[in-house]
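I have placed the structure first, in the form of structure tokens, so that the comments after it can refer back to it.
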2 protein chains.
Amino acid sequence: MVEAVEKLTKKSEDPSKWYLQLVRMAKLADYGPVRGTFAIRPYGFAIWERIQRDLDNRFKATGHQNAYFPLLIPESYLKKEAEHVEGFDPELAWVTIGGKEELEERLAIRPTSESIICDFYRNWIQSYRDLPILINQWCNVLRWEKVTRPFLRTAEFLWQEGHTVHATPEEAREEALKMLDVYKDLFYDTMALPVLTGMKSPSERFAGAVETFTCEGLMGDGRALQAATSHDLGQNFARAFDITFLDEQQERVYPYQTSWGLSTRTIGGLILVHGDDRGLKIPPKLAPIEAVIVPIWRGNNKGEIRRQAEALYFELKDFGLRVEADLDEEHSPGWKFNEHELRGVPVRVELGPKDVEKNQAVLVRRDTGEKEFVSRKELTRRLRSLLEEIQENMLQQATELRDANTRRVETYGEFKEIIEEKRGFVFAPWDGTEETEQKIKEETKATIRLLPFEREEGKDLVSGKRGETAIFARAY
Amino acid sequence: MVEAVEKLTKKSEDPSKWYLQLVRMAKLADYGPVRGTFAIRPYGFAIWERIQRDLDNRFKATGHQNAYFPLLIPESYLKKEAEHVEGFDPELAWVTIGGKEELEERLAIRPTSESIICDFYRNWIQSYRDLPILINQWCNVLRWEKVTRPFLRTAEFLWQEGHTVHATPEEAREEALKMLDVYKDLFYDTMALPVLTGMKSPSERFAGAVETFTCEGLMGDGRALQAATSHDLGQNFARAFDITFLDEQQERVYPYQTSWGLSTRTIGGLILVHGDDRGLKIPPKLAPIEAVIVPIWRGNNKGEIRRQAEALYFELKDFGLRVEADLDEEHSPGWKFNEHELRGVPVRVELGPKDVEKNQAVLVRRDTGEKEFVSRKELTRRLRSLLEEIQENMLQQATELRDANTRRVETYGEFKEIIEEKRGFVFAPWDGTEETEQKIKEETKATIRLLPFEREEGKDLVSGKRGETAIFARAY
């Protein structure tokens with residue numbers, strides 16, 4: 001038997017080491033030869049596929065269609081929207097040679113696609129009848145980042161980017177908020193991530209947007225993670241790219257746009273929020289494998305237990321569950337328990353000699369470690385309800401963690417102490433100036449993660465002027 | 001009413017103009033700013049999504065998993081396999097600047113991913129227990145092509161590339177052939193494209209493969225299109241990238257690999273094979289919209305017919321059909337008929353005053369133009385069976401077209417005449433030398449598309465030496 005097992009660092013001892021080790025041990029991702037690039041391995045990609053499928057269904061249910069736009073963006077296109085190019089310029093990778101020839105104009109690998117998509121939209125939009133345009137694209141993008149970490153910050157990453165065009169500012173604002181809700185629903189219902197939603201401060205807005213809405217999650221170590229954003233672009237891009245349409249009064253006017261994106265970064269959030277000292281914990285709705293059957297056999301009963309495990313496997317599979325039977329004979333049951341806990345499989349189904357005798361199985365929850373004995377007759381039904389309970393419990397656990405680490409402060413002293421010692425989300429009044437925001441950032445490394453939709457008045461921590469609630473945290 | 005309609009060029013008159021015009025008018029794709037790049041518009045992308053879903057299910061049913069590998073490949077990696085780099089070198093796009101700095105080593109945008117994937121596999125494979133590796137990736141690739149045409153040949157395109165590793169040459173060969181069959185099934189069952197399958201001649205093999213298997217379709221204009229390929233890579237890449245494993249006898253040996261791919265090019269094949277003077281014809285299984293309801297109303301009965309059309313829409317939708325109701329009031333029924341024929345919707349459901357009166361509807365087939373009157377009670381059932389008939393008929397039509405354009409020849413004179421005047425597939429004996437192959441190519445522009453699995457003996461057309469069947473055609 002192969003029993004050598006690498007020991008996972010404790011999450012509380014060294015969260016950063018724990019994260020990197022877990023990503024490697026659970027075979028989620030692996031480093032590529034170019035700095036900041038990664039392969040997403042099959043188990044990690046299976047999680048992404050489930051996020052994709054779920055989100056894509058939500059996009060289609062809200063009237064969106066998928067399309068695909070070119071990877072390479074001419075430099076002159078990126079330069080058309082001034083703020084946009086300023087925001088992305090330092091992070092671009094440039095193609096300068098194609099087919100053995102030096103190019104006349106260098107081409108950026110898309111860091112995001114507003115500029116190239118606007119060029120197409122200019123041709124596709126003539127009249128109010130062509131609106132709204134509700135298009136999404138699933139693709140890879142590239143930003144030349146200095147410090148990278150698998151999933152959380154990588155040079156190349158996978159994402160979706162929605163790009164819509166509307167006749168009125170109200171419609172565009174409504175769309176941006178609608179997609180924020182779509183993300184929020186995904187996070188709560190599927191990923192068990194209780195994000196906070198609100199607006200970004202002007203300095204944290206997407207380059208070229210008039211308003212950026214955001215979903216911010218709180219990770220296990222008290223740091224915040226921006227999990228998805230939705231932007232109201234106003235007419236900025238339409239003006240820069242000269243997109244116009246004839247309205248119902250036959251006047252040529254600029255339309256209003258939105259864009260919104262969610263990336264493989266969310267997998268990093270999933271690991272950080274739910275993972276523990278034993279490894280990943282994947283919410284059932286996202287889990288590539290919802291339950292794993294582990295037979296516990298010795299020499300003389302191997303045949304019968306194997307037969308039962310196989311029968312159970314097909315029974316659960318036919319019931320529509322994503323299930324695996326670990327019938328490998330190289331490893332001990334104990335080794336397998338560790339392995340599947342590491343991979344975050346929500347439920348382990350143990351089947352030993354006594355269970356076969358008693359016509360039962362043991363269900364072990366990954367989230368709480370609780371065991372229960374269930375008769376074979378009740379098993380499929382119970383497993384399904386147990387998965388629902390786990391999904392709910394994981395959201396509750398994450399919500400409690402978030403709430404226990406969310407604090408309101410009145411003074412800057414209190415603020416600094418909390419950010420330094422406890423981290424978490426800190427609600428504090430902010431006077432709306434970039435100076436205050438910048439000072440707090442320099443002195444505490446905390447940034448404004450979002451401005452909640454409902455804001456209370458109070459005195460700014462630094463300036464003492466009238467302010468309204470902002471939510472601060474140190475962020476990934 | 002808006003009645004201005006652009007007239008589609010006849011396919012027989014100018015197939016090339018017809019193709020480009022159809023792609024534009026049916027809103028399948030649009031030209032990008034960089035030469036050879038295209039946007040795939042929502043209707044075109046919806047076809048690709050259906051191909052993807054279908055193929056992905058087939059991959060998973062044969063034990064494959066998806067993963068994702070980096071876009072950028074360092075030059076030194078590409079150079080490791082000599083034939084491979086030679087094959088792709090002229091078509092590469094190079095990133096030379098990242099994050100405002102000149103890179104020490106330039107990076108190619110992947111033209112295909114063997115080299116970068118092999119680098120990961122070297123680390124993932126240690127023992128025979130790690131084999132087989134059965135991984136697929138859906139992604140974009142880029143080849144700097146000189147002459148491009150939407151879908152058929154584009155600089156950037158979307159595809160899937162499978163990359164597998166096996167312990168024995170037999171297993172690798174079996175895998176390469178299995179995936180060829182998976183493609184063949186997709187083409188026959190879903191795309192109604194009766195491809196021929198076989199091997200490539202050595203000169204047409206994938207750069208670095210020991211054997212390339214191919215699916216070749218015959219287009220409406222008598223030219224062949226390579227629709228998908230599957231490669232037995234032998235140990236070429238394993239040796240070049242130093243991938244080894246400990247076999248059961250604890251000896252360190254090289255494994256055997258395969259790769260196989262299918263791209264958005266198949267959409268070009270779909271258009272060329274099935275399209276006609278009225279536009280696209282999409283096989284029902286691939287059609288984003290299987291049936292479109294077109295109400296035929298005049299002022300006084302608009303309300304009732306609209307209600308009936310809406311009721312029918314929901315009835316068909318609930319029945320699981322992909323259906324659309326064209327309730328637009330700007331355009332006449334005639335305009336709509338043309339529009340949906342252009343888009344290749346398999347069935348039009350007409351609903352006029354008489355039909356409402358008689359409690360019936362009219363089903364009009366896109367493939368044959370045939371009309372039938374069906375009672376509302378029978379409609380959903382009849383529509384489903386009609387879609388099956390259309391699917392079958394389209395395969396039959398395409399098969400008849402292929403067979404009518406497939407000829408066997410004994411002399412070079414006959415060969416040249418057919419290639420010049422009729423095109424199509426020509427079966428002829430070939431002596432296996434590159435000289436003959438090259439001479440035929442230079443003199444007739446026909447290439448060996450494939451060597452069938454069952455080959456007959458005969459005299460080579462050019463050399464007169466002993467030869468075996470090869471299948472020639474002019475190709476896209």
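Please note that chains go A, B, ... in the order of the structure tokens, that every chain numbers its residues from 1, and that ligands are numbered from 1 in the order shown.
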What parts of segment 205-267 of chain B does DSSP call helix (DSSP H, G or I)? I'd like the answer as a list in words. Asn236, Phe237, Ala238, Arg239, Ala240, Arg265, Thr266 and Ile267 of chain B
I need the chosen residues saved as an mmCIF file, in the first residue's frame, with N, CA and C atoms.
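Full text of selection36.cif as output:
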data_model
loop_
_atom_site.group_PDB
_atom_site.id
_atom_site.type_symbol
_atom_site.label_atom_id
_atom_site.label_comp_id
_atom_site.auth_asym_id
_atom_site.auth_seq_id
_atom_site.Cartn_x
_atom_site.Cartn_y
_atom_site.Cartn_z
ATOM 1 N N ASN B 236 7.198 10.757 -30.190
ATOM 2 C CA ASN B 236 7.956 11.932 -30.651
ATOM 3 C C ASN B 236 7.993 13.068 -29.635
ATOM 4 N N PHE B 237 6.832 13.413 -29.125
ATOM 5 C CA PHE B 237 6.797 14.520 -28.164
ATOM 6 C C PHE B 237 7.345 14.093 -26.804
ATOM 7 N N ALA B 238 7.046 12.867 -26.406
ATOM 8 C CA ALA B 238 7.546 12.372 -25.114
ATOM 9 C C ALA B 238 9.074 12.446 -25.089
ATOM 10 N N ARG B 239 9.708 12.050 -26.195
ATOM 11 C CA ARG B 239 11.174 12.106 -26.261
ATOM 12 C C ARG B 239 11.673 13.549 -26.278
ATOM 13 N N ALA B 240 11.002 14.381 -27.064
ATOM 14 C CA ALA B 240 11.454 15.767 -27.172
ATOM 15 C C ALA B 240 11.286 16.513 -25.850
ATOM 16 N N ARG B 265 -14.105 26.022 -37.836
ATOM 17 C CA ARG B 265 -14.101 25.743 -39.272
ATOM 18 C C ARG B 265 -15.288 24.871 -39.696
ATOM 19 N N THR B 266 -15.707 23.977 -38.792
ATOM 20 C CA THR B 266 -16.816 23.081 -39.134
ATOM 21 C C THR B 266 -18.081 23.879 -39.452
ATOM 22 N N ILE B 267 -18.195 25.083 -38.885
ATOM 23 C CA ILE B 267 -19.359 25.915 -39.211
ATOM 24 C C ILE B 267 -19.297 26.312 -40.686
#
Select from segment 208-405 of chain B everything DSSP, run on the backbone, classes as strand (DSSP E), then give the selection as a PyMOL selection string. chain B and resi 211-218+224-234+245-246+252-253+256-263+291-295+323-325+347-351+360-365+371-375
Using only C-alpha atoms, I'd like a table of the residues in chain A that come within 8 Å of chain B; for each, show the closest atom pair and its distance in Å rounded to one decimal, ordered by chain and ascending number, as a Markdown table.
| residue | atom | partner | partner_atom | distance |
| --- | --- | --- | --- | --- |
| A:Asp30 | CA | B:Phe120 | CA | 7.9 |
| A:Gly32 | CA | B:Pro70 | CA | 6.9 |
| A:Pro33 | CA | B:Pro74 | CA | 7.5 |
| A:Val34 | CA | B:Pro74 | CA | 7.2 |
| A:Thr37 | CA | B:Pro70 | CA | 6.1 |
| A:Phe38 | CA | B:Pro70 | CA | 6.1 |
| A:Ala39 | CA | B:Phe69 | CA | 4.4 |
| A:Ile40 | CA | B:Tyr68 | CA | 5.0 |
| A:Arg41 | CA | B:Ala67 | CA | 5.2 |
| A:Pro42 | CA | B:Ala67 | CA | 4.7 |
| A:Gly44 | CA | B:Ala67 | CA | 7.9 |
| A:Phe45 | CA | B:Ala67 | CA | 5.4 |
| A:Ala46 | CA | B:Asn66 | CA | 7.2 |
| A:Gln65 | CA | B:Pro42 | CA | 6.0 |
| A:Asn66 | CA | B:Pro42 | CA | 5.6 |
| A:Ala67 | CA | B:Pro42 | CA | 4.7 |
| A:Tyr68 | CA | B:Ile40 | CA | 5.0 |
| A:Phe69 | CA | B:Ala39 | CA | 4.4 |
| A:Pro70 | CA | B:Ala39 | CA | 6.0 |
| A:Leu71 | CA | B:Glu156 | CA | 7.6 |
| A:Leu72 | CA | B:Val34 | CA | 7.4 |
| A:Ile73 | CA | B:Val34 | CA | 7.7 |
| A:Pro74 | CA | B:Val34 | CA | 7.2 |
| A:Asp89 | CA | B:Gly99 | CA | 7.9 |
| A:Pro90 | CA | B:Gly99 | CA | 5.3 |
| A:Glu91 | CA | B:Gly99 | CA | 4.8 |
| A:Leu92 | CA | B:Gly99 | CA | 5.5 |
| A:Ala93 | CA | B:Gly98 | CA | 4.2 |
| A:Trp94 | CA | B:Ile97 | CA | 5.2 |
| A:Val95 | CA | B:Val95 | CA | 4.1 |
| A:Thr96 | CA | B:Val95 | CA | 6.2 |
| A:Ile97 | CA | B:Trp94 | CA | 5.2 |
| A:Gly98 | CA | B:Ala93 | CA | 4.2 |
| A:Gly99 | CA | B:Glu91 | CA | 4.8 |
| A:Lys100 | CA | B:Pro90 | CA | 6.2 |
| A:Phe120 | CA | B:Gly32 | CA | 7.7 |
| A:Ile135 | CA | B:Pro42 | CA | 7.6 |
| A:Cys139 | CA | B:Cys139 | CA | 8.0 |
| A:Trp144 | CA | B:Gly99 | CA | 5.3 |
| A:Glu145 | CA | B:Gly99 | CA | 7.5 |
| A:Glu156 | CA | B:Pro70 | CA | 7.2 |
Convert the current residue selection to file output with N, CA and C atoms, as a compact mmCIF listing (two decimals), in the first residue's frame.
# COMPACT_ATOMS: atom_id res chain seq x y z
N ASP A 30 -1.53 24.36 -11.70
CA ASP A 30 -0.09 24.15 -11.70
C ASP A 30 0.58 25.31 -12.44
N GLY A 32 2.80 27.60 -14.86
CA GLY A 32 3.28 27.53 -16.23
C GLY A 32 4.69 28.11 -16.35
N PRO A 33 5.30 27.97 -17.53
CA PRO A 33 6.67 28.44 -17.71
C PRO A 33 6.79 29.96 -17.75
N VAL A 34 5.73 30.66 -18.17
CA VAL A 34 5.78 32.11 -18.20
C VAL A 34 5.25 32.63 -16.86
N THR A 37 1.52 32.57 -15.29
CA THR A 37 0.57 31.75 -16.05
C THR A 37 0.43 30.38 -15.38
N PHE A 38 -0.74 29.81 -15.51
CA PHE A 38 -1.06 28.56 -14.82
C PHE A 38 -1.88 27.66 -15.73
N ALA A 39 -1.76 26.36 -15.46
CA ALA A 39 -2.73 25.43 -16.04
C ALA A 39 -3.80 25.20 -14.99
N ILE A 40 -5.04 25.17 -15.42
CA ILE A 40 -6.11 24.75 -14.51
C ILE A 40 -6.32 23.26 -14.76
N ARG A 41 -6.03 22.47 -13.74
CA ARG A 41 -6.08 21.01 -13.90
C ARG A 41 -7.53 20.51 -13.90
N PRO A 42 -7.74 19.29 -14.34
CA PRO A 42 -9.12 18.82 -14.50
C PRO A 42 -10.04 19.02 -13.29
N GLY A 44 -9.83 21.29 -10.88
CA GLY A 44 -10.11 22.72 -10.78
C GLY A 44 -11.02 23.18 -11.90
N PHE A 45 -10.77 22.65 -13.09
CA PHE A 45 -11.58 23.07 -14.24
C PHE A 45 -13.02 22.58 -14.13
N ALA A 46 -13.20 21.42 -13.50
CA ALA A 46 -14.56 20.90 -13.32
C ALA A 46 -15.38 21.85 -12.44
N GLN A 65 -27.19 36.70 -24.92
CA GLN A 65 -26.65 35.71 -25.85
C GLN A 65 -25.14 35.75 -25.79
N ASN A 66 -24.51 34.62 -26.10
CA ASN A 66 -23.05 34.58 -26.15
C ASN A 66 -22.54 34.90 -27.55
N ALA A 67 -21.34 35.43 -27.62
CA ALA A 67 -20.65 35.69 -28.88
C ALA A 67 -19.16 35.59 -28.61
N TYR A 68 -18.36 35.80 -29.65
CA TYR A 68 -16.91 35.77 -29.44
C TYR A 68 -16.24 36.87 -30.25
N PHE A 69 -15.36 37.62 -29.59
CA PHE A 69 -14.66 38.74 -30.22
C PHE A 69 -13.16 38.46 -30.24
N PRO A 70 -12.42 39.14 -31.15
CA PRO A 70 -11.00 38.83 -31.31
C PRO A 70 -10.15 39.09 -30.06
N LEU A 71 -9.11 38.25 -29.93
CA LEU A 71 -8.14 38.32 -28.84
C LEU A 71 -7.25 39.56 -28.94
N LEU A 72 -6.90 39.93 -30.17
CA LEU A 72 -5.90 40.99 -30.36
C LEU A 72 -6.54 42.34 -30.65
N ILE A 73 -6.08 43.34 -29.90
CA ILE A 73 -6.64 44.69 -30.01
C ILE A 73 -5.56 45.66 -30.47
N PRO A 74 -5.77 46.34 -31.61
CA PRO A 74 -4.78 47.32 -32.09
C PRO A 74 -4.59 48.43 -31.05
N ASP A 89 -2.85 50.25 -19.44
CA ASP A 89 -1.58 50.33 -20.15
C ASP A 89 -0.41 49.61 -19.46
N PRO A 90 -0.24 49.76 -18.15
CA PRO A 90 0.92 49.12 -17.51
C PRO A 90 0.86 47.60 -17.54
N GLU A 91 -0.31 47.04 -17.80
CA GLU A 91 -0.48 45.58 -17.66
C GLU A 91 -0.57 44.86 -19.00
N LEU A 92 -0.25 45.55 -20.09
CA LEU A 92 -0.49 44.94 -21.40
C LEU A 92 0.67 44.08 -21.90
N ALA A 93 0.31 43.04 -22.63
CA ALA A 93 1.29 42.24 -23.36
C ALA A 93 1.08 42.55 -24.84
N TRP A 94 2.18 42.81 -25.54
CA TRP A 94 2.09 43.29 -26.92
C TRP A 94 2.64 42.29 -27.93
N VAL A 95 1.83 42.03 -28.95
CA VAL A 95 2.30 41.26 -30.10
C VAL A 95 2.90 42.25 -31.09
N THR A 96 4.14 42.01 -31.45
CA THR A 96 4.81 42.94 -32.38
C THR A 96 5.24 42.25 -33.67
N ILE A 97 5.21 40.91 -33.68
CA ILE A 97 5.62 40.17 -34.87
C ILE A 97 4.55 39.14 -35.22
N GLY A 98 4.18 39.10 -36.50
CA GLY A 98 3.19 38.12 -36.95
C GLY A 98 3.62 37.55 -38.28
N GLY A 99 3.62 36.22 -38.42
CA GLY A 99 4.01 35.62 -39.69
C GLY A 99 5.38 36.07 -40.14
N LYS A 100 6.31 36.15 -39.18
CA LYS A 100 7.72 36.50 -39.43
C LYS A 100 7.94 37.97 -39.78
N PHE A 120 -17.05 46.83 -33.08
CA PHE A 120 -18.08 46.04 -33.78
C PHE A 120 -19.46 46.67 -33.58
N ILE A 135 -25.07 41.07 -24.98
CA ILE A 135 -24.13 40.03 -25.38
C ILE A 135 -23.11 39.74 -24.27
N CYS A 139 -14.15 33.92 -22.26
CA CYS A 139 -12.86 33.92 -22.93
C CYS A 139 -11.70 34.01 -21.95
N TRP A 144 -0.50 41.74 -17.37
CA TRP A 144 0.86 41.44 -16.95
C TRP A 144 1.06 41.85 -15.50
N GLU A 145 0.70 40.99 -14.57
CA GLU A 145 0.73 41.32 -13.15
C GLU A 145 2.12 41.07 -12.57
N GLU A 156 -2.72 35.43 -17.16
CA GLU A 156 -3.86 35.03 -17.98
C GLU A 156 -4.92 34.46 -17.06
Taking only C-alpha atoms into account, which of B:Lys465, B:His231, B:Arg474, B:His340 comes nearest Glu443 of chain B?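 Residue with the minimum atom-to-atom distance to Glu443 of chain B: B:Arg474.
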Compile the contact shell of Lys441 of chain A as a PyMOL selection string: residues with an atom at most 12 Å away, counting only C-alpha atoms, same-chain residues fewer than 4 positions apart removed. chain A and resi 203+415-416+419+434-437+445-449+462+472-475
Contacts of Glu400 of chain B at 12 Å (only C-alpha atoms; same-chain gap of 3+ positions) as a list of chain:residue names: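 Near Glu400 of chain B, the qualifying residues are B:Ala192, B:Leu193, B:Pro194, B:Leu218, B:Gly220, B:Val273, B:Asn393, B:Met394, B:Leu395, B:Gln396, B:Gln397, B:Asp403, B:Ala404, B:Asn405, B:Thr406.
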Write the residues of the preceding selection, restricted to N, CA and C atoms, as a CSV table (one decimal), in the first residue's frame.
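Final output, saved to selection_5.csv:
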chain,number,residue,atom,x,y,z
B,192,ALA,N,-25.1,16.2,-40.0
B,192,ALA,CA,-25.6,15.7,-41.3
B,192,ALA,C,-24.5,15.9,-42.4
B,193,LEU,N,-23.3,15.8,-42.0
B,193,LEU,CA,-22.1,15.9,-42.9
B,193,LEU,C,-21.5,14.5,-43.1
B,194,PRO,N,-21.7,13.9,-44.2
B,194,PRO,CA,-21.2,12.5,-44.4
B,194,PRO,C,-19.7,12.5,-44.8
B,218,LEU,N,-17.2,16.7,-48.4
B,218,LEU,CA,-17.2,17.3,-49.7
B,218,LEU,C,-18.2,18.4,-49.7
B,220,GLY,N,-20.4,21.8,-51.4
B,220,GLY,CA,-21.3,22.0,-52.5
B,220,GLY,C,-20.7,22.3,-53.8
B,273,VAL,N,-22.0,22.9,-47.3
B,273,VAL,CA,-22.6,21.7,-47.7
B,273,VAL,C,-24.1,21.9,-47.8
B,393,ASN,N,-33.2,13.5,-43.8
B,393,ASN,CA,-33.2,13.9,-45.2
B,393,ASN,C,-31.9,14.7,-45.5
B,394,MET,N,-31.5,15.6,-44.6
B,394,MET,CA,-30.4,16.4,-44.9
B,394,MET,C,-29.1,15.6,-45.0
B,395,LEU,N,-29.0,14.6,-44.2
B,395,LEU,CA,-27.9,13.7,-44.3
B,395,LEU,C,-27.9,12.9,-45.6
B,396,GLN,N,-29.1,12.5,-46.0
B,396,GLN,CA,-29.3,11.7,-47.2
B,396,GLN,C,-29.0,12.6,-48.4
B,397,GLN,N,-29.4,13.8,-48.4
B,397,GLN,CA,-29.1,14.8,-49.5
B,397,GLN,C,-27.6,15.0,-49.7
B,403,ASP,N,-21.8,11.2,-53.1
B,403,ASP,CA,-21.6,10.0,-53.9
B,403,ASP,C,-21.7,10.4,-55.4
B,404,ALA,N,-22.5,11.4,-55.7
B,404,ALA,CA,-22.6,11.8,-57.2
B,404,ALA,C,-21.3,12.4,-57.6
B,405,ASN,N,-20.5,12.9,-56.6
B,405,ASN,CA,-19.3,13.6,-57.0
B,405,ASN,C,-18.1,12.8,-56.5
B,406,THR,N,-18.2,11.5,-56.4
B,406,THR,CA,-17.1,10.7,-56.1
B,406,THR,C,-16.9,9.7,-57.2
Can you list, as a ChimeraX atom specification, every protein, DNA or RNA residue that comes within 12 Å of Leu351 of chain B when you count only C-alpha atoms, leaving out same-chain residues fewer than 2 positions away? /B:292-298,301-302,304-313,325-327,333,348-349,353-364,373-376,379
Atoms to include: N, CA and C atoms. Write the selected residues as a compact mmCIF listing (two decimals), in the first residue's frame.
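In the end it all went to result20.txt:
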# COMPACT_ATOMS: atom_id res chain seq x y z
N VAL B 292 -39.83 28.37 -36.22
CA VAL B 292 -40.24 29.76 -35.97
C VAL B 292 -41.72 29.89 -36.34
N ILE B 293 -42.47 30.50 -35.45
CA ILE B 293 -43.90 30.73 -35.70
C ILE B 293 -44.06 32.10 -36.36
N VAL B 294 -44.69 32.10 -37.53
CA VAL B 294 -44.94 33.37 -38.22
C VAL B 294 -46.44 33.56 -38.38
N PRO B 295 -47.01 34.51 -37.65
CA PRO B 295 -48.44 34.78 -37.79
C PRO B 295 -48.70 35.56 -39.07
N ILE B 296 -49.81 35.24 -39.70
CA ILE B 296 -50.17 35.97 -40.92
C ILE B 296 -51.46 36.72 -40.62
N TRP B 297 -51.29 38.00 -40.36
CA TRP B 297 -52.45 38.76 -39.90
C TRP B 297 -52.72 39.97 -40.77
N ARG B 298 -53.96 40.43 -40.66
CA ARG B 298 -54.28 41.73 -41.20
C ARG B 298 -54.93 42.52 -40.07
N ASN B 301 -57.79 41.03 -37.59
CA ASN B 301 -57.69 39.78 -36.82
C ASN B 301 -56.38 39.67 -36.04
N LYS B 302 -55.65 40.75 -35.97
CA LYS B 302 -54.33 40.73 -35.38
C LYS B 302 -54.35 40.19 -33.93
N GLU B 304 -56.47 38.23 -32.20
CA GLU B 304 -56.73 36.81 -32.02
C GLU B 304 -55.56 35.95 -32.50
N ILE B 305 -55.01 36.30 -33.66
CA ILE B 305 -53.90 35.52 -34.20
C ILE B 305 -52.66 35.65 -33.31
N ARG B 306 -52.44 36.86 -32.80
CA ARG B 306 -51.31 37.05 -31.89
C ARG B 306 -51.47 36.16 -30.65
N ARG B 307 -52.66 36.15 -30.08
CA ARG B 307 -52.92 35.32 -28.90
C ARG B 307 -52.64 33.85 -29.19
N GLN B 308 -53.12 33.41 -30.34
CA GLN B 308 -52.94 31.99 -30.73
C GLN B 308 -51.45 31.68 -30.94
N ALA B 309 -50.75 32.63 -31.58
CA ALA B 309 -49.32 32.41 -31.85
C ALA B 309 -48.55 32.33 -30.53
N GLU B 310 -48.92 33.18 -29.59
CA GLU B 310 -48.25 33.17 -28.29
C GLU B 310 -48.55 31.87 -27.54
N ALA B 311 -49.80 31.44 -27.60
CA ALA B 311 -50.18 30.19 -26.93
C ALA B 311 -49.39 29.03 -27.52
N LEU B 312 -49.30 29.02 -28.85
CA LEU B 312 -48.56 27.95 -29.52
C LEU B 312 -47.09 27.99 -29.15
N TYR B 313 -46.52 29.20 -29.06
CA TYR B 313 -45.12 29.36 -28.67
C TYR B 313 -44.85 28.69 -27.33
N ALA B 325 -41.20 32.95 -31.75
CA ALA B 325 -42.41 33.49 -32.39
C ALA B 325 -42.05 34.87 -32.92
N ASP B 326 -42.22 35.05 -34.21
CA ASP B 326 -41.85 36.33 -34.82
C ASP B 326 -43.07 37.23 -34.88
N LEU B 327 -43.28 37.98 -33.79
CA LEU B 327 -44.49 38.79 -33.67
C LEU B 327 -44.26 40.25 -34.04
N PRO B 333 -45.30 39.19 -43.60
CA PRO B 333 -45.01 37.75 -43.51
C PRO B 333 -43.99 37.33 -44.57
N ARG B 348 -40.87 26.36 -40.52
CA ARG B 348 -41.67 27.56 -40.29
C ARG B 348 -43.10 27.11 -39.97
N VAL B 349 -43.65 27.66 -38.93
CA VAL B 349 -45.03 27.36 -38.57
C VAL B 349 -45.86 28.58 -38.90
N PRO B 353 -55.47 33.50 -40.63
CA PRO B 353 -56.90 33.53 -40.23
C PRO B 353 -57.60 32.20 -40.48
N LYS B 354 -57.35 31.59 -41.64
CA LYS B 354 -58.02 30.33 -41.98
C LYS B 354 -57.56 29.21 -41.04
N ASP B 355 -56.29 29.27 -40.70
CA ASP B 355 -55.75 28.22 -39.83
C ASP B 355 -56.38 28.32 -38.44
N VAL B 356 -56.50 29.56 -37.96
CA VAL B 356 -57.11 29.75 -36.64
C VAL B 356 -58.55 29.24 -36.68
N GLU B 357 -59.23 29.57 -37.75
CA GLU B 357 -60.61 29.13 -37.94
C GLU B 357 -60.73 27.60 -37.92
N LYS B 358 -59.79 26.97 -38.63
CA LYS B 358 -59.85 25.50 -38.76
C LYS B 358 -59.10 24.78 -37.65
N ASN B 359 -58.58 25.58 -36.69
CA ASN B 359 -57.82 24.99 -35.59
C ASN B 359 -56.64 24.15 -36.09
N GLN B 360 -55.87 24.76 -36.96
CA GLN B 360 -54.73 24.07 -37.55
C GLN B 360 -53.55 25.04 -37.70
N ALA B 361 -52.45 24.56 -38.22
CA ALA B 361 -51.32 25.41 -38.58
C ALA B 361 -50.65 24.80 -39.80
N VAL B 362 -49.79 25.60 -40.45
CA VAL B 362 -49.09 25.09 -41.62
C VAL B 362 -47.62 24.91 -41.27
N LEU B 363 -47.09 23.73 -41.54
CA LEU B 363 -45.66 23.49 -41.32
C LEU B 363 -44.95 23.54 -42.66
N VAL B 364 -43.92 24.36 -42.75
CA VAL B 364 -43.16 24.46 -43.99
C VAL B 364 -41.70 24.06 -43.73
N PHE B 373 -50.54 20.78 -43.71
CA PHE B 373 -51.50 21.33 -42.75
C PHE B 373 -51.66 20.34 -41.61
N VAL B 374 -51.52 20.81 -40.41
CA VAL B 374 -51.60 19.91 -39.25
C VAL B 374 -52.55 20.49 -38.23
N SER B 375 -53.40 19.63 -37.67
CA SER B 375 -54.33 20.12 -36.65
C SER B 375 -53.56 20.52 -35.40
N ARG B 376 -54.07 21.51 -34.70
CA ARG B 376 -53.40 22.00 -33.50
C ARG B 376 -53.13 20.87 -32.51
N LEU B 379 -50.07 19.00 -33.51
CA LEU B 379 -48.95 19.83 -33.96
C LEU B 379 -47.61 19.53 -33.28
Coordinates-based distance that separates atom CA of Leu177 of chain B from atom CA of Cys215 of chain B (Å, one decimal):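 If I compute the distance from atom CA of Cys215 of chain B to atom CA of Leu177 of chain B, I get 11.3 Å.
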